[in-house]
file coords_3.txt (compact mmCIF, C-alpha atoms and all ligand atoms)
# COMPACT_ATOMS: atom_id res chain seq x y z
CA MET K 508 17.78 8.99 30.54
CA GLN K 509 18.49 12.66 29.92
CA SER K 510 20.67 11.86 26.95
CA LEU K 511 17.91 9.68 25.52
CA ILE K 512 15.43 12.54 25.78
CA TYR K 513 17.96 14.83 24.10
CA GLU K 514 18.44 12.31 21.34
CA ILE K 515 14.69 12.06 20.81
CA LEU K 516 14.25 15.85 20.70
CA GLY K 517 17.23 16.30 18.39
CA GLY K 518 15.83 13.70 16.03
CA LEU K 519 12.45 15.42 15.93
CA PHE K 520 14.03 18.79 15.02
CA PHE K 521 16.20 17.03 12.48
CA PHE K 522 13.08 15.72 10.73
CA ALA K 523 11.69 19.25 10.14
CA PRO K 524 12.49 19.35 6.37
CA ALA K 525 10.19 16.37 5.81
CA LEU K 526 7.43 18.03 7.80
CA PHE K 527 7.74 21.42 6.05
CA ALA K 528 7.83 19.93 2.55
CA ASN K 529 4.15 18.97 2.48
CA PRO K 530 2.54 22.29 3.41
CA LEU K 531 5.05 24.14 1.19
CA ALA K 532 4.04 21.90 -1.73
CA VAL K 533 0.50 23.14 -1.24
CA ILE K 534 1.78 26.70 -1.69
CA THR K 535 4.06 26.12 -4.71
CA GLY K 536 1.83 23.43 -6.22
CA GLY K 537 -0.74 23.57 -8.98
CA HIS K 538 1.48 23.73 -12.08
CA LEU K 539 2.49 20.89 -14.41
CA VAL K 540 0.44 17.88 -13.39
CA ILE K 541 2.89 14.97 -13.09
CA ASP K 542 0.75 12.25 -14.70
CA ARG K 543 -0.42 14.69 -17.41
CA GLY K 544 -4.00 13.52 -16.92
CA LYS K 545 -3.20 9.94 -17.86
CA ASN K 546 -4.95 6.85 -16.52
CA LEU K 547 -3.42 3.53 -15.67
CA ARG K 548 -4.82 0.28 -17.13
CA ASP K 549 -7.34 0.16 -14.30
CA GLY K 550 -8.99 3.24 -15.83
CA LYS K 551 -8.05 5.42 -12.88
CA ARG K 552 -5.63 8.32 -12.79
CA ILE K 553 -2.00 7.43 -12.16
CA LEU K 554 -1.58 10.13 -9.50
CA GLY K 555 -4.31 12.71 -10.03
CA ASP K 556 -4.45 16.47 -10.47
CA GLY K 557 -3.23 17.09 -6.90
CA LYS K 558 0.32 15.98 -7.75
CA THR K 559 2.31 18.54 -9.74
CA TRP K 560 5.98 19.11 -10.50
CA SER K 561 5.81 22.61 -9.03
CA GLY K 562 4.54 21.12 -5.79
CA TYR K 563 7.10 18.33 -5.82
CA PHE K 564 10.20 20.42 -6.49
CA GLY K 565 8.99 23.62 -4.87
CA GLY K 566 7.92 21.82 -1.71
CA SER K 567 11.08 19.69 -1.54
CA LEU K 568 13.52 22.56 -2.08
CA LEU K 569 11.70 25.01 0.16
CA GLY K 570 11.09 22.29 2.73
CA ALA K 571 14.81 21.58 2.83
CA GLY K 572 15.61 25.31 3.00
CA VAL K 573 13.14 26.11 5.75
CA GLY K 574 13.77 22.88 7.65
CA PHE K 575 17.58 23.00 7.46
CA PRO K 576 18.04 25.49 10.35
CA PHE K 577 15.80 23.28 12.48
CA SER K 578 17.91 20.23 11.58
CA LEU K 579 21.09 22.10 12.47
CA PHE K 580 19.55 23.24 15.73
CA GLY K 581 18.54 19.66 16.51
CA VAL K 582 22.04 18.35 15.95
CA TYR K 583 24.00 21.10 17.72
CA MET K 584 21.58 21.50 20.60
CA PHE K 585 20.86 17.90 21.45
CA PHE K 586 23.66 15.73 20.13
CA GLY K 587 26.64 16.05 22.44
CA ASN K 588 29.20 14.73 20.02
CA PHE K 589 28.36 16.69 16.90
CA ASP K 590 31.84 17.03 15.45
CA HIS K 591 31.11 14.45 12.78
CA PHE K 592 28.00 16.31 11.60
CA LYS K 593 29.36 18.60 8.91
CA ILE K 594 27.05 21.44 7.90
CA ILE K 595 27.02 20.20 4.32
CA THR K 596 25.99 16.74 5.53
CA VAL K 597 23.10 18.24 7.49
CA LEU K 598 22.06 20.24 4.41
CA MET K 599 22.17 17.17 2.16
CA SER K 600 20.26 15.21 4.79
CA ALA K 601 17.62 17.95 4.82
CA LEU K 602 17.30 17.60 1.04
CA SER K 603 17.00 13.82 1.34
CA LEU K 604 14.30 14.10 3.97
CA ALA K 605 12.32 16.72 2.01
CA PHE K 606 12.51 14.90 -1.33
CA GLY K 607 11.74 11.64 0.46
CA SER K 608 8.72 13.28 2.01
CA LEU K 609 7.17 14.36 -1.28
CA THR K 610 8.16 11.13 -3.01
CA GLY K 611 6.30 9.26 -0.29
CA ASP K 612 3.40 11.66 -0.84
CA LEU K 613 3.32 10.64 -4.53
CA PHE K 614 3.41 7.01 -3.52
CA GLY K 615 0.46 7.56 -1.16
CA SER K 616 -1.58 9.19 -3.93
CA PHE K 617 -0.71 6.36 -6.30
CA ILE K 618 -2.12 3.84 -3.80
CA LYS K 619 -5.18 6.03 -3.17
CA ARG K 620 -5.95 6.14 -6.91
CA ARG K 621 -5.57 2.35 -7.17
CA MET K 622 -8.09 2.03 -4.36
CA GLY K 623 -10.49 4.18 -6.35
CA MET K 624 -10.22 7.24 -4.11
CA LYS K 625 -10.58 10.56 -5.92
CA ARG K 626 -8.13 13.44 -5.58
CA GLY K 627 -8.43 14.97 -2.16
CA ALA K 628 -10.37 12.03 -0.72
CA LYS K 629 -9.57 11.42 2.90
CA GLY K 630 -6.77 8.88 2.86
CA ASN K 631 -6.25 8.70 6.62
CA LEU K 632 -2.92 6.98 7.20
CA LEU K 633 -2.29 6.84 3.44
CA ASP K 634 -2.02 10.63 3.56
CA MET K 635 0.71 10.48 6.18
CA TRP K 636 2.58 7.28 6.77
CA PRO K 637 4.01 6.99 3.25
CA PHE K 638 5.66 10.41 3.50
CA VAL K 639 7.09 9.73 6.95
CA LEU K 640 8.41 6.29 6.00
CA MET K 641 9.80 7.42 2.63
CA SER K 642 11.63 10.33 4.30
CA PHE K 643 13.38 7.91 6.62
CA LEU K 644 14.05 5.53 3.73
CA PHE K 645 15.69 8.33 1.69
CA LEU K 646 17.88 9.28 4.64
CA LEU K 647 18.79 5.64 5.17
CA VAL K 648 19.68 5.16 1.51
CA PHE K 649 21.61 8.41 0.98
CA PHE K 650 23.01 9.08 4.47
CA ARG K 651 23.12 5.75 6.20
CA VAL K 652 25.59 6.87 8.85
CA VAL K 653 23.52 9.95 9.72
CA PHE K 654 20.39 7.82 9.82
CA PHE K 655 21.85 5.44 12.38
CA GLN K 656 23.49 8.19 14.41
CA ILE K 657 20.23 10.09 14.77
CA TYR K 658 17.49 7.50 14.45
CA GLY K 659 19.41 4.39 15.45
CA ASN K 660 17.11 3.67 18.39
CA PHE K 661 14.00 3.98 16.18
CA ILE K 662 12.05 5.80 18.91
CA ASP K 663 11.65 8.96 16.82
CA ILE K 664 10.29 6.91 13.94
CA ILE K 665 7.52 5.54 16.15
CA ILE K 666 6.83 8.98 17.65
CA LEU K 667 6.64 10.60 14.20
CA LEU K 668 4.30 7.93 12.87
CA ILE K 669 1.99 8.79 15.76
CA ILE K 670 2.23 12.60 15.80
CA THR K 671 2.24 13.37 12.06
CA PRO K 672 -1.41 12.40 11.56
CA LEU K 673 -2.22 15.00 14.21
CA LEU K 674 0.10 17.66 12.73
CA HIS K 675 -1.14 16.92 9.24
CA ARG K 676 -4.74 17.37 10.30
CA GLY K 677 -3.97 20.73 11.90
CA VAL K 678 -2.06 22.02 8.86
CA ASN K 679 -4.78 20.91 6.46
CA ILE K 680 -7.46 22.70 8.42
CA ILE K 681 -5.37 25.88 8.09
CA ALA K 682 -4.81 25.27 4.35
CA TYR K 683 -8.55 24.78 3.93
CA LYS K 684 -9.31 28.04 5.72
CA MET K 685 -6.75 29.78 3.48
CA HIS K 686 -8.63 28.34 0.48
CA ARG K 687 -5.54 26.39 -0.60
CA LYS K 688 -7.37 23.11 -0.23
CA ASP K 689 -10.92 22.11 -1.07
CA VAL K 690 -11.36 19.87 1.94
CA PRO K 691 -10.12 20.22 5.52
CA TRP K 692 -8.07 16.98 5.54
N1 LIG K 701 0.44 19.60 -4.31
C1 LIG K 701 1.05 19.67 -5.57
N2 LIG K 701 2.03 18.79 -5.92
C2 LIG K 701 2.44 17.84 -5.05
C3 LIG K 701 1.85 17.75 -3.77
C4 LIG K 701 0.85 18.64 -3.44
O1 LIG K 701 0.70 20.54 -6.38
N3 LIG K 701 3.44 17.00 -5.44
C5 LIG K 701 -0.60 20.58 -3.97
C6 LIG K 701 -1.90 20.32 -4.75
O2 LIG K 701 -2.51 21.56 -5.00
C7 LIG K 701 -2.71 19.47 -3.78
C8 LIG K 701 -2.34 20.12 -2.46
O3 LIG K 701 -0.96 20.48 -2.60
O4 LIG K 701 -4.09 19.51 -4.02
C9 LIG K 701 -2.55 19.22 -1.27
O5 LIG K 701 -1.72 18.09 -1.33
P1 LIG K 701 -2.28 16.64 -1.00
O6 LIG K 701 -3.18 16.66 0.16
O7 LIG K 701 -1.10 15.75 -0.96
O8 LIG K 701 -3.10 16.29 -2.34
P2 LIG K 701 -4.64 16.02 -2.59
O9 LIG K 701 -5.18 17.11 -3.44
O10 LIG K 701 -5.32 15.71 -1.31
O11 LIG K 701 -4.62 14.72 -3.50
P3 LIG K 701 -4.46 13.19 -3.09
O12 LIG K 701 -5.83 12.63 -2.95
O13 LIG K 701 -3.71 12.61 -4.24
O14 LIG K 701 -3.68 13.13 -1.81
MG MG K 702 -4.84 15.32 0.55
call {"tool": "encode", "arguments": {"input": "coords_3.txt", "output": "structure tokens"}}
result
Amino acid sequence: MQSLIYEILGGLFFFAPALFANPLAVITGGHLVIDRGKNLRDGKRILGDGKTWSGYFGGSLLGAGVGFPFSLFGVYMFFGNFDHFKIITVLMSALSLAFGSLTGDLFGSFIKRRMGMKRGAKGNLLDMWPFVLMSFLFLLVFFRVVFFQIYGNFIDIIILLIITPLLHRGVNIIAYKMHRKDVPW
């Protein structure tokens, strides 16, 4: 039981790069709109003005950088047998999670645009689940062994799908108050 709780906590810390990437994209974002203003055949924007290269790369790299110590902490603190977690593997995993996070974010915006929702419209789960799921998918694709060692029991995935909407909401309210976002969601 105790080891299961440790595993769950370690996995949550390990996921930090994915969680930091989004708010950091808000800070670095705003330059070089990815879809360059283009519409798809449906007459709607491909991604919209809220998705920029500066946000994508800035948020991913900073997210990995800021989240990496949390990932390391998660592994060394809560995973008893951490010998096989090399520091470089944890760093690369952090990059996978952070890039996965903002790739999922692009995917979510793409779906929102197809549904006719304007930039910044409240997407509810479309604002959150794609980034969580894509982060895990990136880790699974690039670091399969790490994925199964840390998230093999899938409990963290369920927990994160439930708590990120709450975290996301809190962070966006702060971003709104800091005038980084036009709407508090
Ligand atoms: N941002 C960015 N580039 C990204 C992601 C985010 O520049 N790849 C910045 C933008 O300034 C964006 C803000 O972070 O407005 C908030 O991100 P998000 O909520 O994901 O975008 P929205 O503006 O709400 O647009 P969408 O409706 O497409 O989610
Ligand atoms: Mg948004």
call {"tool": "closest_residue", "arguments": {"input": "coords_3.txt", "among": "K:Leu602, K:Ile512, K:Ala682, K:Val648", "to": "ligand MG 702 (chain K)", "atoms": "only C-alpha atoms and all ligand atoms"}}
result
K:Ala682
call {"tool": "residues_near_ligand", "arguments": {"input": "coords_3.txt", "ligand": "ligand LIG 701 (chain K)", "cutoff": "7 Å", "atoms": "only C-alpha atoms and all ligand atoms", "output": "PyMOL selection string"}}
result
chain K and resi 529+532-538+554-555+557-563+609+612-613+615-616+619+625-628+630+634+688
call {"tool": "residues_around", "arguments": {"input": "coords_3.txt", "residues": "Ile553 in chain K", "least_positions_apart": "2", "cutoff": "12 Å", "atoms": "all atoms listed in the file", "output": "PyMOL selection string"}}
result
chain K and resi 540-551+555-558+613-626
call {"tool": "atom_distance", "arguments": {"input": "coords_3.txt", "atom1": "CA of Ile664 in chain K", "atom2": "CA of Phe586 in chain K"}}
result
17.2 Å
call {"tool": "atom_distance", "arguments": {"input": "coords_3.txt", "atom1": "CA of Phe521 in chain K", "atom2": "CA of Phe650 in chain K"}}
result
13.2 Å
call {"tool": "atom_distance", "arguments": {"input": "coords_3.txt", "atom1": "CA of Leu579 in chain K", "atom2": "CA of Val597 in chain K"}}
result
6.6 Å
call {"tool": "closest_residue", "arguments": {"input": "coords_3.txt", "among": "K:Phe649, K:Phe520, K:Phe527, K:Phe564", "to": "Phe577 in chain K", "atoms": "all atoms listed in the file"}}
result
K:Phe520
call {"tool": "closest_residue", "arguments": {"input": "coords_3.txt", "among": "K:Val690, K:Ala523, K:Leu674, K:Ala528", "to": "Leu568 in chain K", "atoms": "all atoms listed in the file"}}
result
K:Ala528
call {"tool": "axis_aligned_box", "arguments": {"input": "coords_3.txt", "around": "range 563-582 of chain K", "padding_each_side": "3 Å", "output": "lines of an AutoDock Vina configuration file"}}
result
center_x = 14.6
center_y = 22.2
center_z = 5.0
size_x = 20.9
size_y = 13.8
size_z = 29.0
call {"tool": "closest_residue", "arguments": {"input": "coords_3.txt", "among": "K:Leu647, K:Ile666, K:Val582, K:Ile680", "to": "Trp692 in chain K", "atoms": "all atoms listed in the file"}}
result
K:Ile680
call {"tool": "closest_residue", "arguments": {"input": "coords_3.txt", "among": "K:Pro576, K:Val653, K:Gly587, K:Pro530", "to": "ligand MG 702 (chain K)", "atoms": "only C-alpha atoms and all ligand atoms"}}
result
K:Pro530
call {"tool": "closest_residue", "arguments": {"input": "coords_3.txt", "among": "K:Leu668, K:Ala571, K:Leu519, K:Leu531", "to": "Phe585 in chain K", "atoms": "all atoms listed in the file"}}
result
K:Leu519
call {"tool": "residues_around", "arguments": {"input": "coords_3.txt", "residues": "Pro637 in chain K", "least_positions_apart": "3", "cutoff": "6 Å", "atoms": "all atoms listed in the file", "output": "JSON, numbers by chain"}}
result
{"K": [611, 615, 640, 641]}
call {"tool": "write_last_selection", "arguments": {"input": "coords_3.txt", "atoms": "C-alpha atoms", "output": "PDB file, in the frame of the given file"}}
result
ATOM      1  CA  GLY K 611       6.300   9.260  -0.290  1.00  0.00           C
ATOM      2  CA  GLY K 615       0.460   7.560  -1.160  1.00  0.00           C
ATOM      3  CA  LEU K 640       8.410   6.290   6.000  1.00  0.00           C
ATOM      4  CA  MET K 641       9.800   7.420   2.630  1.00  0.00           C
TER       5      MET K 641
END
call {"tool": "residues_around", "arguments": {"input": "coords_3.txt", "residues": "Met599 in chain K", "least_positions_apart": "4", "cutoff": "10 Å", "atoms": "all atoms listed in the file", "output": "CSV table (one decimal) with C-alpha atoms, in the coordinates of the input"}}
result
chain,number,residue,atom,x,y,z
K,571,ALA,CA,14.8,21.6,2.8
K,575,PHE,CA,17.6,23.0,7.5
K,593,LYS,CA,29.4,18.6,8.9
K,594,ILE,CA,27.0,21.4,7.9
K,595,ILE,CA,27.0,20.2,4.3
K,603,SER,CA,17.0,13.8,1.3
K,604,LEU,CA,14.3,14.1,4.0
K,605,ALA,CA,12.3,16.7,2.0
K,646,LEU,CA,17.9,9.3,4.6
K,649,PHE,CA,21.6,8.4,1.0
K,650,PHE,CA,23.0,9.1,4.5
call {"tool": "residues_near_point", "arguments": {"input": "coords_3.txt", "point": "(18.7, 8.1, 24.0)", "cutoff": "12 Å", "atoms": "all atoms listed in the file", "output": "list in words"}}
result
Met508, Gln509, Ser510, Leu511, Ile512, Tyr513, Glu514, Ile515, Leu516, Gly517, Gly518, Phe585, Phe586, Gly587, Gln656, Ile657, Tyr658, Gly659, Asn660, Phe661, Ile662 and Asp663 of chain K
call {"tool": "build_atoms", "arguments": {"input": "coords_3.txt", "residues": "range 513-536 of chain K", "atoms": "N, CA and C atoms", "output": "PDB file, in the frame of the given file"}}
result
ATOM      1  N   TYR K 513      17.294  13.911  25.021  1.00  0.00           N
ATOM      2  CA  TYR K 513      17.960  14.830  24.100  1.00  0.00           C
ATOM      3  C   TYR K 513      18.009  14.254  22.695  1.00  0.00           C
ATOM      4  N   GLU K 514      18.347  12.975  22.632  1.00  0.00           N
ATOM      5  CA  GLU K 514      18.440  12.310  21.340  1.00  0.00           C
ATOM      6  C   GLU K 514      17.089  12.338  20.617  1.00  0.00           C
ATOM      7  N   ILE K 515      16.038  12.079  21.392  1.00  0.00           N
ATOM      8  CA  ILE K 515      14.690  12.060  20.810  1.00  0.00           C
ATOM      9  C   ILE K 515      14.328  13.451  20.287  1.00  0.00           C
ATOM     10  N   LEU K 516      14.573  14.470  21.107  1.00  0.00           N
ATOM     11  CA  LEU K 516      14.250  15.850  20.700  1.00  0.00           C
ATOM     12  C   LEU K 516      15.068  16.265  19.484  1.00  0.00           C
ATOM     13  N   GLY K 517      16.360  15.960  19.517  1.00  0.00           N
ATOM     14  CA  GLY K 517      17.230  16.300  18.390  1.00  0.00           C
ATOM     15  C   GLY K 517      16.729  15.666  17.101  1.00  0.00           C
ATOM     16  N   GLY K 518      16.315  14.421  17.197  1.00  0.00           N
ATOM     17  CA  GLY K 518      15.830  13.700  16.030  1.00  0.00           C
ATOM     18  C   GLY K 518      14.542  14.298  15.480  1.00  0.00           C
ATOM     19  N   LEU K 519      13.706  14.798  16.377  1.00  0.00           N
ATOM     20  CA  LEU K 519      12.450  15.420  15.930  1.00  0.00           C
ATOM     21  C   LEU K 519      12.748  16.719  15.174  1.00  0.00           C
ATOM     22  N   PHE K 520      13.642  17.551  15.726  1.00  0.00           N
ATOM     23  CA  PHE K 520      14.030  18.790  15.020  1.00  0.00           C
ATOM     24  C   PHE K 520      14.666  18.453  13.678  1.00  0.00           C
ATOM     25  N   PHE K 521      15.485  17.402  13.694  1.00  0.00           N
ATOM     26  CA  PHE K 521      16.200  17.030  12.480  1.00  0.00           C
ATOM     27  C   PHE K 521      15.239  16.671  11.351  1.00  0.00           C
ATOM     28  N   PHE K 522      14.071  16.193  11.706  1.00  0.00           N
ATOM     29  CA  PHE K 522      13.080  15.720  10.730  1.00  0.00           C
ATOM     30  C   PHE K 522      12.286  16.874  10.095  1.00  0.00           C
ATOM     31  N   ALA K 523      12.493  18.099  10.588  1.00  0.00           N
ATOM     32  CA  ALA K 523      11.690  19.250  10.140  1.00  0.00           C
ATOM     33  C   ALA K 523      11.562  19.389   8.614  1.00  0.00           C
ATOM     34  N   PRO K 524      12.631  19.183   7.831  1.00  0.00           N
ATOM     35  CA  PRO K 524      12.490  19.350   6.370  1.00  0.00           C
ATOM     36  C   PRO K 524      11.371  18.476   5.791  1.00  0.00           C
ATOM     37  N   ALA K 525      11.243  17.270   6.309  1.00  0.00           N
ATOM     38  CA  ALA K 525      10.190  16.370   5.810  1.00  0.00           C
ATOM     39  C   ALA K 525       8.811  16.916   6.180  1.00  0.00           C
ATOM     40  N   LEU K 526       8.726  17.513   7.350  1.00  0.00           N
ATOM     41  CA  LEU K 526       7.430  18.030   7.800  1.00  0.00           C
ATOM     42  C   LEU K 526       7.055  19.315   7.070  1.00  0.00           C
ATOM     43  N   PHE K 527       8.031  20.165   6.756  1.00  0.00           N
ATOM     44  CA  PHE K 527       7.740  21.420   6.050  1.00  0.00           C
ATOM     45  C   PHE K 527       7.420  21.190   4.579  1.00  0.00           C
ATOM     46  N   ALA K 528       7.978  20.128   4.000  1.00  0.00           N
ATOM     47  CA  ALA K 528       7.830  19.930   2.550  1.00  0.00           C
ATOM     48  C   ALA K 528       6.362  19.859   2.120  1.00  0.00           C
ATOM     49  N   ASN K 529       5.558  19.156   2.875  1.00  0.00           N
ATOM     50  CA  ASN K 529       4.150  18.970   2.480  1.00  0.00           C
ATOM     51  C   ASN K 529       3.339  20.262   2.421  1.00  0.00           C
ATOM     52  N   PRO K 530       3.296  21.041   3.501  1.00  0.00           N
ATOM     53  CA  PRO K 530       2.540  22.290   3.410  1.00  0.00           C
ATOM     54  C   PRO K 530       3.135  23.265   2.383  1.00  0.00           C
ATOM     55  N   LEU K 531       4.462  23.236   2.186  1.00  0.00           N
ATOM     56  CA  LEU K 531       5.050  24.140   1.190  1.00  0.00           C
ATOM     57  C   LEU K 531       4.695  23.700  -0.225  1.00  0.00           C
ATOM     58  N   ALA K 532       4.485  22.392  -0.413  1.00  0.00           N
ATOM     59  CA  ALA K 532       4.040  21.900  -1.730  1.00  0.00           C
ATOM     60  C   ALA K 532       2.641  22.421  -2.052  1.00  0.00           C
ATOM     61  N   VAL K 533       1.850  22.605  -1.019  1.00  0.00           N
ATOM     62  CA  VAL K 533       0.500  23.140  -1.240  1.00  0.00           C
ATOM     63  C   VAL K 533       0.613  24.573  -1.776  1.00  0.00           C
ATOM     64  N   ILE K 534       1.616  25.306  -1.272  1.00  0.00           N
ATOM     65  CA  ILE K 534       1.780  26.700  -1.690  1.00  0.00           C
ATOM     66  C   ILE K 534       2.377  26.805  -3.092  1.00  0.00           C
ATOM     67  N   THR K 535       3.415  26.004  -3.388  1.00  0.00           N
ATOM     68  CA  THR K 535       4.060  26.120  -4.710  1.00  0.00           C
ATOM     69  C   THR K 535       3.339  25.274  -5.766  1.00  0.00           C
ATOM     70  N   GLY K 536       2.455  24.389  -5.309  1.00  0.00           N
ATOM     71  CA  GLY K 536       1.830  23.430  -6.220  1.00  0.00           C
ATOM     72  C   GLY K 536       0.835  24.038  -7.183  1.00  0.00           C
TER      73      GLY K 536
END
